[in-house]
file input-v7.tsv (TSV, C-alpha atoms)
chain	number	residue	atom	x	y	z
A	6	MET	CA	24.09	-40.30	19.51
A	7	ASP	CA	26.86	-37.76	20.10
A	8	GLY	CA	26.40	-34.39	21.83
A	9	ASP	CA	26.20	-32.37	18.60
A	10	GLY	CA	23.52	-34.64	17.15
A	11	LEU	CA	21.44	-34.47	20.33
A	12	GLU	CA	21.76	-30.68	20.46
A	13	LYS	CA	20.70	-30.41	16.81
A	14	GLU	CA	17.67	-32.65	17.41
A	15	LEU	CA	16.62	-30.60	20.46
A	16	LEU	CA	16.95	-27.38	18.45
A	17	GLU	CA	14.85	-28.85	15.61
A	18	ASN	CA	12.20	-29.94	18.12
A	19	ARG	CA	12.07	-26.45	19.65
A	20	TRP	CA	11.65	-24.91	16.18
A	21	MET	CA	8.90	-27.38	15.30
A	22	GLU	CA	7.10	-26.53	18.57
A	23	TRP	CA	7.39	-22.82	17.81
A	24	PHE	CA	6.11	-23.28	14.23
A	25	ALA	CA	3.15	-25.32	15.54
A	26	TRP	CA	2.37	-22.59	18.09
A	27	TYR	CA	2.65	-19.84	15.45
A	28	ALA	CA	0.44	-21.71	12.94
A	29	GLY	CA	-2.17	-22.18	15.69
A	30	THR	CA	-2.07	-18.48	16.55
A	31	VAL	CA	-2.54	-17.52	12.89
A	32	ARG	CA	-5.45	-19.97	12.54
A	33	GLU	CA	-7.10	-18.43	15.62
A	34	GLN	CA	-6.66	-14.86	14.42
A	35	LEU	CA	-7.52	-15.45	10.77
A	36	PRO	CA	-11.31	-15.06	11.17
A	37	ASP	CA	-10.77	-11.74	13.01
A	38	ILE	CA	-8.42	-10.52	10.26
A	39	LYS	CA	-10.86	-11.50	7.51
A	40	ARG	CA	-13.74	-9.77	9.32
A	41	ALA	CA	-11.68	-6.60	9.72
A	42	GLU	CA	-10.69	-6.64	6.03
A	43	LYS	CA	-14.31	-7.14	4.98
A	44	LYS	CA	-15.49	-4.32	7.24
A	45	LEU	CA	-12.82	-2.00	5.84
A	46	ALA	CA	-13.74	-2.91	2.26
A	47	GLU	CA	-17.42	-2.21	2.95
A	48	LYS	CA	-16.56	1.14	4.52
A	49	GLU	CA	-14.56	2.36	1.52
A	50	ASP	CA	-16.39	3.28	-1.63
A	51	GLY	CA	-14.74	3.58	-5.05
A	52	ALA	CA	-13.64	7.18	-4.59
A	53	GLU	CA	-11.97	6.49	-1.25
A	54	LYS	CA	-10.10	3.50	-2.70
A	55	ALA	CA	-8.87	5.62	-5.61
A	56	SER	CA	-7.67	8.36	-3.28
A	57	ARG	CA	-5.72	5.96	-1.06
A	58	GLU	CA	-2.12	7.12	-1.34
A	59	HIS	CA	0.90	4.98	-2.17
A	60	PRO	CA	3.25	4.76	0.84
A	61	TYR	CA	6.02	6.62	-1.02
A	62	ALA	CA	3.81	9.31	-2.58
A	63	SER	CA	4.72	12.02	-0.06
A	64	TRP	CA	8.41	11.20	-0.45
A	65	ARG	CA	8.09	11.44	-4.25
A	66	ARG	CA	6.32	14.79	-4.04
A	67	ARG	CA	9.03	16.14	-1.73
A	68	MET	CA	11.76	14.80	-4.03
A	69	TRP	CA	10.25	16.42	-7.15
A	70	ARG	CA	9.75	19.74	-5.34
A	71	THR	CA	13.41	19.73	-4.25
A	72	ASN	CA	15.19	18.32	-7.33
A	73	PRO	CA	14.66	20.12	-10.63
A	74	ARG	CA	13.79	18.04	-13.66
A	75	ILE	CA	15.71	20.34	-15.98
A	76	ILE	CA	19.30	21.34	-15.31
A	77	LEU	CA	21.24	23.40	-17.81
A	78	ARG	CA	23.87	21.07	-19.26
A	79	ASN	CA	26.89	22.31	-21.17
A	80	TYR	CA	26.03	20.36	-24.32
A	81	VAL	CA	22.51	21.90	-24.33
A	82	ALA	CA	23.94	25.38	-23.89
A	83	GLN	CA	26.44	24.68	-26.68
A	84	GLN	CA	23.62	23.56	-28.99
A	85	ALA	CA	21.65	26.73	-28.26
A	86	ILE	CA	24.74	28.92	-28.76
A	87	GLY	CA	25.64	27.17	-32.01
A	88	ASP	CA	22.12	27.59	-33.37
A	89	ALA	CA	22.01	31.25	-32.27
A	90	GLU	CA	25.32	31.96	-34.02
A	91	THR	CA	23.71	30.82	-37.29
A	92	GLY	CA	20.68	33.05	-36.68
A	93	ASN	CA	18.34	30.29	-35.41
A	94	PHE	CA	17.12	31.36	-31.97
A	95	SER	CA	14.38	28.70	-31.63
A	96	THR	CA	16.53	26.33	-29.52
A	97	LEU	CA	17.53	29.18	-27.24
A	98	SER	CA	13.90	30.26	-26.91
A	99	ARG	CA	12.70	26.71	-26.08
A	100	LEU	CA	15.55	26.29	-23.60
A	101	TYR	CA	14.70	29.58	-21.92
A	102	GLU	CA	11.03	28.59	-21.57
A	103	SER	CA	11.99	25.20	-20.11
A	104	LEU	CA	14.44	26.69	-17.63
A	105	LYS	CA	11.72	29.05	-16.35
A	106	ARG	CA	9.88	25.99	-14.95
A	107	PRO	CA	12.57	23.49	-13.92
A	108	PHE	CA	10.34	21.51	-11.54
A	109	GLN	CA	7.42	20.89	-13.90
A	110	LEU	CA	6.99	17.21	-14.81
A	111	SER	CA	5.60	15.90	-18.06
A	112	VAL	CA	2.14	14.34	-17.95
A	113	GLU	CA	3.66	10.89	-18.52
A	114	GLU	CA	6.12	11.33	-15.62
A	115	GLU	CA	3.34	12.51	-13.34
A	116	SER	CA	1.22	9.45	-14.06
A	117	LEU	CA	4.16	7.05	-13.69
A	118	LEU	CA	5.24	8.57	-10.39
A	119	GLY	CA	1.79	9.24	-9.02
A	120	VAL	CA	2.63	12.89	-8.34
A	121	SER	CA	1.73	16.20	-9.90
A	122	SER	CA	3.90	19.24	-10.51
A	123	GLU	CA	3.31	22.47	-8.62
A	124	GLU	CA	2.27	24.44	-11.70
A	125	GLY	CA	0.38	21.67	-13.47
A	126	VAL	CA	0.59	20.83	-17.14
A	127	LYS	CA	-1.73	22.14	-19.84
A	128	ALA	CA	-3.79	19.55	-21.68
A	129	SER	CA	-2.04	20.46	-24.95
A	130	ASP	CA	1.31	19.53	-23.38
A	131	ALA	CA	0.06	15.98	-22.81
A	132	LEU	CA	0.53	15.24	-26.51
A	133	ARG	CA	4.22	16.10	-26.57
A	134	ASP	CA	6.76	16.78	-23.83
A	135	PRO	CA	8.17	20.22	-24.73
A	136	ASP	CA	11.23	19.68	-22.53
A	137	ALA	CA	12.21	16.22	-23.77
A	138	GLU	CA	15.23	17.46	-25.73
A	139	PHE	CA	16.68	19.06	-22.57
A	140	VAL	CA	16.27	16.14	-20.16
A	141	GLU	CA	17.72	13.39	-22.34
A	142	PRO	CA	21.23	12.01	-21.71
A	143	ALA	CA	24.03	13.73	-23.59
A	144	PRO	CA	24.30	12.75	-27.28
A	145	GLU	CA	27.42	10.98	-28.55
A	146	TRP	CA	28.99	14.15	-29.97
A	147	ALA	CA	28.80	15.80	-26.54
A	148	ARG	CA	30.53	12.83	-24.87
A	149	THR	CA	33.58	13.19	-27.08
A	150	THR	CA	33.83	16.97	-27.58
A	151	ALA	CA	36.63	18.56	-25.58
A	152	GLY	CA	35.38	21.04	-22.99
A	153	ILE	CA	31.85	19.66	-23.08
A	154	ALA	CA	32.37	15.97	-22.34
A	155	GLN	CA	34.05	16.69	-19.01
A	156	LEU	CA	31.31	19.05	-17.83
A	157	SER	CA	28.02	17.66	-19.16
call {"tool": "encode", "arguments": {"input": "input-v7.tsv", "output": "structure tokens"}}
result
Amino acid sequence: MDGDGLEKELLENRWMEWFAWYAGTVREQLPDIKRAEKKLAEKEDGAEKASREHPYASWRRRMWRTNPRIILRNYVAQQAIGDAETGNFSTLSRLYESLKRPFQLSVEEESLLGVSSEEGVKASDALRDPDAEFVEPAPEWARTTAGIAQLS
């Protein structure tokens, strides 16, 4: 056997020894781990289990408090202006109401992310997201309209 083959065999033997040691350690500690898990499960009742927080929940809350959900986009402003020029101020009114609470999440977003907005959402808002039209990606017309496409 050449030197490389012998070295490879010695390395494999060392790994096999380590794996055998590790498996033995796990087997020894497994009853202790299972007892600790059982004790923890007995200690927690249903309410405590439900309140256990996801590891990223605090990060998500901080992110949603810092980054607004609604940002005034040029195409949205252009829609509101166009409607207002024809005498229809409903888009402008809805946009104004949405921009007054830029950090408020929809009920669906709150449940998906496991967070809640600062202001909270009324039960009636759970049926329909009033801000949906302002948080969607730009429509096709806005992607090709000069002056809007570059800024939206």
call {"tool": "closest_residue", "arguments": {"input": "input-v7.tsv", "among": "A:Glu42, A:Glu145, A:Asp136, A:Asp9", "to": "Arg106 in chain A", "atoms": "only C-alpha atoms"}}
result
A:Asp136
call {"tool": "atom_distance", "arguments": {"input": "input-v7.tsv", "atom1": "CA of Asn93 in chain A", "atom2": "CA of Thr149 in chain A"}}
result
24.4 Å
call {"tool": "closest_residue", "arguments": {"input": "input-v7.tsv", "among": "A:Thr30, A:Thr150, A:Asn72, A:Ser63", "to": "Phe108 in chain A", "atoms": "all atoms listed in the file"}}
result
A:Asn72
call {"tool": "closest_residue", "arguments": {"input": "input-v7.tsv", "among": "A:Pro73, A:Gly152, A:Pro36, A:Gly29", "to": "Val140 in chain A", "atoms": "all atoms listed in the file"}}
result
A:Pro73
call {"tool": "atom_distance", "arguments": {"input": "input-v7.tsv", "atom1": "CA of Val81 in chain A", "atom2": "CA of Phe139 in chain A"}}
result
6.7 Å
call {"tool": "build_atoms", "arguments": {"input": "input-v7.tsv", "residues": "range 30-41 of chain A", "atoms": "all heavy atoms", "output": "PDB file, in the coordinates of the input"}}
result
ATOM      1  N   THR A  30      -1.725 -19.880  16.281  1.00  0.00           N
ATOM      2  CA  THR A  30      -2.070 -18.480  16.550  1.00  0.00           C
ATOM      3  C   THR A  30      -2.666 -17.832  15.296  1.00  0.00           C
ATOM      4  O   THR A  30      -3.673 -17.123  15.375  1.00  0.00           O
ATOM      5  CB  THR A  30      -0.822 -17.703  17.013  1.00  0.00           C
ATOM      6  OG1 THR A  30      -0.306 -18.334  18.188  1.00  0.00           O
ATOM      7  CG2 THR A  30      -1.141 -16.265  17.317  1.00  0.00           C
ATOM      8  N   VAL A  31      -2.031 -18.086  14.148  1.00  0.00           N
ATOM      9  CA  VAL A  31      -2.540 -17.520  12.890  1.00  0.00           C
ATOM     10  C   VAL A  31      -3.928 -18.059  12.593  1.00  0.00           C
ATOM     11  O   VAL A  31      -4.837 -17.319  12.215  1.00  0.00           O
ATOM     12  CB  VAL A  31      -1.557 -17.810  11.719  1.00  0.00           C
ATOM     13  CG1 VAL A  31      -2.183 -17.464  10.380  1.00  0.00           C
ATOM     14  CG2 VAL A  31      -0.256 -17.058  11.924  1.00  0.00           C
ATOM     15  N   ARG A  32      -4.126 -19.367  12.783  1.00  0.00           N
ATOM     16  CA  ARG A  32      -5.450 -19.970  12.540  1.00  0.00           C
ATOM     17  C   ARG A  32      -6.510 -19.339  13.434  1.00  0.00           C
ATOM     18  O   ARG A  32      -7.635 -19.091  13.015  1.00  0.00           O
ATOM     19  CB  ARG A  32      -5.407 -21.480  12.766  1.00  0.00           C
ATOM     20  CG  ARG A  32      -5.076 -22.251  11.531  1.00  0.00           C
ATOM     21  CD  ARG A  32      -5.325 -23.744  11.738  1.00  0.00           C
ATOM     22  NE  ARG A  32      -4.117 -24.519  11.491  1.00  0.00           N
ATOM     23  CZ  ARG A  32      -3.172 -24.831  12.363  1.00  0.00           C
ATOM     24  NH1 ARG A  32      -3.268 -24.471  13.610  1.00  0.00           N
ATOM     25  NH2 ARG A  32      -2.120 -25.519  12.018  1.00  0.00           N
ATOM     26  N   GLU A  33      -6.150 -19.054  14.689  1.00  0.00           N
ATOM     27  CA  GLU A  33      -7.100 -18.430  15.620  1.00  0.00           C
ATOM     28  C   GLU A  33      -7.450 -17.006  15.201  1.00  0.00           C
ATOM     29  O   GLU A  33      -8.594 -16.591  15.321  1.00  0.00           O
ATOM     30  CB  GLU A  33      -6.514 -18.405  17.037  1.00  0.00           C
ATOM     31  CG  GLU A  33      -6.449 -19.739  17.721  1.00  0.00           C
ATOM     32  CD  GLU A  33      -5.712 -19.652  19.052  1.00  0.00           C
ATOM     33  OE1 GLU A  33      -5.425 -18.529  19.531  1.00  0.00           O
ATOM     34  OE2 GLU A  33      -5.410 -20.714  19.615  1.00  0.00           O
ATOM     35  N   GLN A  34      -6.462 -16.258  14.733  1.00  0.00           N
ATOM     36  CA  GLN A  34      -6.660 -14.860  14.420  1.00  0.00           C
ATOM     37  C   GLN A  34      -7.193 -14.628  13.006  1.00  0.00           C
ATOM     38  O   GLN A  34      -7.691 -13.542  12.710  1.00  0.00           O
ATOM     39  CB  GLN A  34      -5.354 -14.086  14.603  1.00  0.00           C
ATOM     40  CG  GLN A  34      -4.910 -14.034  16.047  1.00  0.00           C
ATOM     41  CD  GLN A  34      -3.584 -13.326  16.212  1.00  0.00           C
ATOM     42  OE1 GLN A  34      -2.953 -12.922  15.242  1.00  0.00           O
ATOM     43  NE2 GLN A  34      -3.155 -13.174  17.451  1.00  0.00           N
ATOM     44  N   LEU A  35      -7.107 -15.610  12.150  1.00  0.00           N
ATOM     45  CA  LEU A  35      -7.520 -15.450  10.770  1.00  0.00           C
ATOM     46  C   LEU A  35      -8.966 -14.987  10.608  1.00  0.00           C
ATOM     47  O   LEU A  35      -9.227 -14.058   9.836  1.00  0.00           O
ATOM     48  CB  LEU A  35      -7.267 -16.745   9.992  1.00  0.00           C
ATOM     49  CG  LEU A  35      -7.314 -16.640   8.485  1.00  0.00           C
ATOM     50  CD1 LEU A  35      -6.316 -15.604   7.987  1.00  0.00           C
ATOM     51  CD2 LEU A  35      -7.023 -17.990   7.847  1.00  0.00           C
ATOM     52  N   PRO A  36      -9.937 -15.563  11.320  1.00  0.00           N
ATOM     53  CA  PRO A  36     -11.310 -15.060  11.170  1.00  0.00           C
ATOM     54  C   PRO A  36     -11.448 -13.583  11.561  1.00  0.00           C
ATOM     55  O   PRO A  36     -12.169 -12.827  10.900  1.00  0.00           O
ATOM     56  CB  PRO A  36     -12.133 -15.949  12.118  1.00  0.00           C
ATOM     57  CG  PRO A  36     -11.316 -17.177  12.288  1.00  0.00           C
ATOM     58  CD  PRO A  36      -9.893 -16.749  12.170  1.00  0.00           C
ATOM     59  N   ASP A  37     -10.723 -13.150  12.603  1.00  0.00           N
ATOM     60  CA  ASP A  37     -10.770 -11.740  13.010  1.00  0.00           C
ATOM     61  C   ASP A  37     -10.174 -10.847  11.924  1.00  0.00           C
ATOM     62  O   ASP A  37     -10.697  -9.765  11.625  1.00  0.00           O
ATOM     63  CB  ASP A  37      -9.992 -11.526  14.312  1.00  0.00           C
ATOM     64  CG  ASP A  37     -10.643 -12.223  15.499  1.00  0.00           C
ATOM     65  OD1 ASP A  37     -11.871 -12.464  15.430  1.00  0.00           O
ATOM     66  OD2 ASP A  37      -9.929 -12.523  16.475  1.00  0.00           O
ATOM     67  N   ILE A  38      -9.079 -11.286  11.319  1.00  0.00           N
ATOM     68  CA  ILE A  38      -8.420 -10.520  10.260  1.00  0.00           C
ATOM     69  C   ILE A  38      -9.347 -10.404   9.060  1.00  0.00           C
ATOM     70  O   ILE A  38      -9.534  -9.328   8.491  1.00  0.00           O
ATOM     71  CB  ILE A  38      -7.076 -11.160   9.882  1.00  0.00           C
ATOM     72  CG1 ILE A  38      -6.085 -11.041  11.047  1.00  0.00           C
ATOM     73  CG2 ILE A  38      -6.503 -10.524   8.624  1.00  0.00           C
ATOM     74  CD1 ILE A  38      -4.828 -11.856  10.880  1.00  0.00           C
ATOM     75  N   LYS A  39      -9.958 -11.518   8.671  1.00  0.00           N
ATOM     76  CA  LYS A  39     -10.860 -11.500   7.510  1.00  0.00           C
ATOM     77  C   LYS A  39     -12.072 -10.615   7.773  1.00  0.00           C
ATOM     78  O   LYS A  39     -12.510  -9.885   6.881  1.00  0.00           O
ATOM     79  CB  LYS A  39     -11.289 -12.918   7.153  1.00  0.00           C
ATOM     80  CG  LYS A  39     -10.160 -13.706   6.536  1.00  0.00           C
ATOM     81  CD  LYS A  39     -10.633 -15.015   5.997  1.00  0.00           C
ATOM     82  CE  LYS A  39      -9.439 -15.724   5.390  1.00  0.00           C
ATOM     83  NZ  LYS A  39      -9.785 -16.547   4.297  1.00  0.00           N
ATOM     84  N   ARG A  40     -12.616 -10.639   8.987  1.00  0.00           N
ATOM     85  CA  ARG A  40     -13.740  -9.770   9.320  1.00  0.00           C
ATOM     86  C   ARG A  40     -13.334  -8.308   9.238  1.00  0.00           C
ATOM     87  O   ARG A  40     -14.067  -7.467   8.708  1.00  0.00           O
ATOM     88  CB  ARG A  40     -14.269 -10.093  10.728  1.00  0.00           C
ATOM     89  CG  ARG A  40     -15.351 -11.144  10.773  1.00  0.00           C
ATOM     90  CD  ARG A  40     -16.068 -11.156  12.118  1.00  0.00           C
ATOM     91  NE  ARG A  40     -15.195 -11.324  13.259  1.00  0.00           N
ATOM     92  CZ  ARG A  40     -14.763 -12.505  13.730  1.00  0.00           C
ATOM     93  NH1 ARG A  40     -15.158 -13.620  13.167  1.00  0.00           N
ATOM     94  NH2 ARG A  40     -13.964 -12.571  14.767  1.00  0.00           N
ATOM     95  N   ALA A  41     -12.150  -7.984   9.748  1.00  0.00           N
ATOM     96  CA  ALA A  41     -11.680  -6.600   9.720  1.00  0.00           C
ATOM     97  C   ALA A  41     -11.462  -6.135   8.279  1.00  0.00           C
ATOM     98  O   ALA A  41     -11.822  -5.009   7.923  1.00  0.00           O
ATOM     99  CB  ALA A  41     -10.386  -6.463  10.522  1.00  0.00           C
TER     100      ALA A  41
END
